[in-house]
Amino acid sequence: MTTVNETEALVPAEQAERKVDWAWVGAGVVLVLALAWLTRYLDKNVPGWLADTSLNRVAKSVEYPVYAIVVGLAGNAVLTATGVRDRLAPAFRTEFFIKTGLVLLGVSINLSLLVTAAGPAIVQALLLISGVFLFTWWLGGKLGLDDKLRALLASAVSICGVSAAIAAAGAVRAKREQLAYAASLVILFALPSIFLLPWLAGVFGLSDAVAGAWIGGNIDTTAAVTAAGTLAGEDALKIATIVKVTQNALIGIVAVALTAWFAFKVERTADSARPGAGELWRRFPKFVLGFVAASVIGTWFANTVSAADNSAAQAVATNFRTWFLILAFVSIGLEFRLTALREAGWRPIAVFASATVVNIGLALALAALLFADFTV
Amino acid sequence: MSGPTRISEDWAATVVGLVLLVLILTGAISQGILQ
């Protein structure tokens, strides 16, 4: 049976009702691929073009999701003006692209790290994620945000940004505009953090381990963690990466928890029956299983082959993952509808900004407490 | 979008992702293909 919530999930209603014309879909696929290629081209070349200007450092830290969304939005404007966007829209498979990218992300997670080097990282991740998630959820409720957007923002700010927002969007069946909104906020807030946190670590006189744990626990995109960790030094980068990967590994657990929470609490009306295991399975975002399977395969591979062979394979997997995520963000840009954001207003920004401040404070306290005597 | 469509997209992503992974780890796909 199809409920109202399912019909709304992640797709504009008018698109679902439109008949698919395969020639237009083919044209749409070519368009998405061409825009993805353009994104990749800009990502590779813009820093070089701006190398001698004052925008040099900003250009280096801007990541491909920004170019992809901008390119997608530009395409969106052209297609809307020419009146062909809705015919091409079935080719904009945001969910498929992004979920495939996330399955590929799984292979970069070495589960053996979780049972050996990452004791304090696990404690930090669990405390930080629960603390920041619950704060964001509470504040979102106070400001009257939609429950699905609350779940997306809380996951994005507490775990690992865009990836977590996608997993949460699958679990709670959020709308695409909500996902695009959450992703834009993550990217917007990650940019200044790349420079701010290493600088503050220096001002506070933090050790490499504490600085790394702070950066890894706080910045929401893995690439930005790497950039900030690099600015703070090699040892800080190692710790930052361990902390970040530990948080990433918890995406699956949070997806299961959110699925259950929404099924049992948020979307359950007073007179409806208690949802059974079948209902939970139906709601569960199945690609999370692919993510976990990829982590198991990746861990086995890393412990079986030489370090050189492993990093060569990881590089190819990362490259594919980047391509899929570029396709996804281009699609998000192409499908973006401003009206959905106008309804949301300023409140999500206030929630995200407040949650980021809490995240920075709590991450610093936990890093100082748990990593004070930690050596790389 | 109906429930079954969403589920098939989830499974499609899982299958495509894992197949790509196997091809990468067995060396059937190398870095050159993406350059």
# chains A, B, ... in the order shown; residues from 1 in each chain; ligands from 1
call {"tool": "interface_residues", "arguments": {"of": "chain A", "to": "chain B", "cutoff": "6 Å", "atoms": "only C-alpha atoms", "output": "ChimeraX atom specification"}}
result
/A:7,16,96,99-100,103-104,286-287,290,313,316
call {"tool": "residues_around", "arguments": {"residues": "A:Val29", "least_positions_apart": "5", "cutoff": "9 Å", "atoms": "only C-alpha atoms", "output": "count of residues only"}}
result
6
call {"tool": "atom_distance", "arguments": {"atom1": "atom CA of A:Gly101", "atom2": "atom CA of A:Thr322"}}
result
7.2 Å
call {"tool": "select_by_dssp", "arguments": {"residues": "stretch 20-120 of chain A", "states": "alpha helix (DSSP H)", "output": "number ranges by chain"}}
result
A: 22-49, 56-61, 64-82, 85-88, 94-106, 111-115, 119-120
call {"tool": "residues_around", "arguments": {"residues": "A:Arg342", "least_positions_apart": "6", "cutoff": "12 Å", "atoms": "only C-alpha atoms", "output": "list in words"}}
result
Glu177, Gln178, Tyr181 and Pro348 of chain A
call {"tool": "residues_around", "arguments": {"residues": "stretch 73-86 of chain A", "least_positions_apart": "5", "cutoff": "8 Å", "atoms": "only C-alpha atoms", "output": "PyMOL selection string"}}
result
chain A and resi 15+330+333-336
call {"tool": "residues_around", "arguments": {"residues": "stretch 230-240 of chain A", "least_positions_apart": "6", "cutoff": "6 Å", "atoms": "only C-alpha atoms", "output": "list in words"}}
result
Pro198, Asp208, Ala209, Gly212, Ala213, Ile215 and Gly216 of chain A
call {"tool": "residues_around", "arguments": {"residues": "A:Pro65", "least_positions_apart": "3", "cutoff": "7 Å", "atoms": "only C-alpha atoms", "output": "number ranges by chain"}}
result
A: 68-69, 326, 329
call {"tool": "write_last_selection", "arguments": {"atoms": "C-alpha atoms", "output": "JSON list (two decimals), in the first residue's frame"}}
result
[["chain", "number", "residue", "atom", "x", "y", "z"],
["A", 68, "ALA", "CA", 28.57, 20.28, -9.30],
["A", 69, "ILE", "CA", 25.65, 22.08, -7.63],
["A", 326, "ILE", "CA", 29.41, 14.50, -8.95],
["A", 329, "PHE", "CA", 25.13, 16.75, -7.07]]
call {"tool": "residues_around", "arguments": {"residues": "A:Phe264", "least_positions_apart": "4", "cutoff": "10 Å", "atoms": "only C-alpha atoms", "output": "PyMOL selection string"}}
result
chain A and resi 258-260+268-269+273-276+280
call {"tool": "write_last_selection", "arguments": {"atoms": "C-alpha atoms", "output": "compact mmCIF listing (two decimals), in the first residue's frame"}}
result
# COMPACT_ATOMS: atom_id res chain seq x y z
CA LEU A 258 16.43 6.53 12.45
CA THR A 259 14.38 3.99 10.50
CA ALA A 260 13.13 2.49 13.75
CA ARG A 268 3.04 6.45 14.04
CA THR A 269 -0.39 7.78 14.81
CA ALA A 273 -0.85 -0.72 15.07
CA ARG A 274 2.72 -1.15 16.29
CA PRO A 275 4.92 -1.61 13.18
CA GLY A 276 6.44 -5.08 12.87
CA LEU A 280 11.00 -1.83 9.49
call {"tool": "atom_distance", "arguments": {"atom1": "atom CA of A:Leu35", "atom2": "atom CA of A:Asn248"}}
result
28.4 Å
call {"tool": "decode", "arguments": {"residues": "stretch 101-197 of chain A", "atoms": "C-alpha atoms", "output": "compact mmCIF listing (two decimals), in the first residue's frame"}}
result
# COMPACT_ATOMS: atom_id res chain seq x y z
CA GLY A 101 28.77 6.55 -4.30
CA LEU A 102 28.08 5.72 -0.67
CA VAL A 103 28.40 1.97 -1.25
CA LEU A 104 31.82 2.72 -2.76
CA LEU A 105 32.66 4.86 0.29
CA GLY A 106 32.28 1.69 2.39
CA VAL A 107 35.45 0.16 0.95
CA SER A 108 37.57 2.99 2.39
CA ILE A 109 36.51 2.03 5.93
CA ASN A 110 38.91 -0.42 7.50
CA LEU A 111 36.92 -2.11 10.24
CA SER A 112 40.04 -3.53 11.91
CA LEU A 113 40.96 0.07 12.76
CA LEU A 114 37.88 0.18 14.98
CA VAL A 115 39.06 -2.74 17.13
CA THR A 116 42.71 -1.67 17.40
CA ALA A 117 43.83 1.96 17.15
CA ALA A 118 40.59 3.78 17.62
CA GLY A 119 39.51 3.21 21.25
CA PRO A 120 39.31 6.90 22.19
CA ALA A 121 37.97 7.70 18.70
CA ILE A 122 34.99 5.37 19.24
CA VAL A 123 34.22 6.86 22.66
CA GLN A 124 34.53 10.38 21.21
CA ALA A 125 32.37 9.51 18.19
CA LEU A 126 29.59 7.96 20.28
CA LEU A 127 29.45 10.84 22.79
CA LEU A 128 29.81 13.55 20.14
CA ILE A 129 27.25 12.09 17.74
CA SER A 130 24.64 11.48 20.45
CA GLY A 131 25.20 14.87 22.09
CA VAL A 132 25.14 16.95 18.91
CA PHE A 133 22.37 14.90 17.28
CA LEU A 134 20.04 15.27 20.28
CA PHE A 135 20.81 19.00 20.63
CA THR A 136 20.09 19.63 16.93
CA TRP A 137 16.91 17.54 17.06
CA TRP A 138 15.75 19.41 20.18
CA LEU A 139 16.52 22.88 18.76
CA GLY A 140 14.90 21.99 15.41
CA GLY A 141 11.78 21.00 17.34
CA LYS A 142 11.80 24.26 19.32
CA LEU A 143 11.97 26.25 16.08
CA GLY A 144 9.22 24.18 14.49
CA LEU A 145 11.20 22.47 11.71
CA ASP A 146 9.73 19.56 9.78
CA ASP A 147 10.73 16.25 11.47
CA LYS A 148 12.45 14.96 8.34
CA LEU A 149 14.54 18.10 7.94
CA ARG A 150 15.40 17.89 11.66
CA ALA A 151 16.66 14.33 11.16
CA LEU A 152 18.72 15.36 8.12
CA LEU A 153 20.32 18.39 9.78
CA ALA A 154 20.98 16.49 13.01
CA SER A 155 22.65 13.62 11.12
CA ALA A 156 24.63 15.97 8.87
CA VAL A 157 26.05 18.11 11.64
CA SER A 158 26.69 15.30 14.13
CA ILE A 159 28.19 12.60 11.87
CA CYS A 160 29.83 13.37 8.60
CA GLY A 161 27.93 15.89 6.59
CA VAL A 162 26.57 15.04 3.19
CA SER A 163 26.99 11.25 3.40
CA ALA A 164 25.11 11.07 6.69
CA ALA A 165 22.40 13.39 5.38
CA ILE A 166 21.90 11.03 2.42
CA ALA A 167 21.67 7.95 4.61
CA ALA A 168 19.25 9.79 6.91
CA ALA A 169 17.20 10.98 3.91
CA GLY A 170 16.81 7.34 2.86
CA ALA A 171 15.84 6.26 6.36
CA VAL A 172 13.22 8.97 6.97
CA ARG A 173 12.13 9.42 3.32
CA ALA A 174 12.97 13.09 3.12
CA LYS A 175 12.25 15.28 0.10
CA ARG A 176 15.05 16.00 -2.35
CA GLU A 177 14.92 19.71 -1.66
CA GLN A 178 15.50 18.98 2.03
CA LEU A 179 18.55 16.90 1.14
CA ALA A 180 19.88 19.62 -1.19
CA TYR A 181 19.34 22.17 1.56
CA ALA A 182 21.16 20.09 4.18
CA ALA A 183 24.02 19.41 1.74
CA SER A 184 24.37 23.12 0.90
CA LEU A 185 24.56 24.04 4.60
CA VAL A 186 27.22 21.38 5.22
CA ILE A 187 29.39 22.72 2.42
CA LEU A 188 28.81 26.35 3.42
CA PHE A 189 29.88 25.69 7.02
CA ALA A 190 32.80 23.38 6.13
CA LEU A 191 34.61 26.05 4.10
CA PRO A 192 35.53 28.49 6.93
CA SER A 193 36.22 25.59 9.34
CA ILE A 194 39.10 24.41 7.13
CA PHE A 195 41.05 27.57 8.03
CA LEU A 196 39.50 28.46 11.38
CA LEU A 197 40.14 25.22 13.29
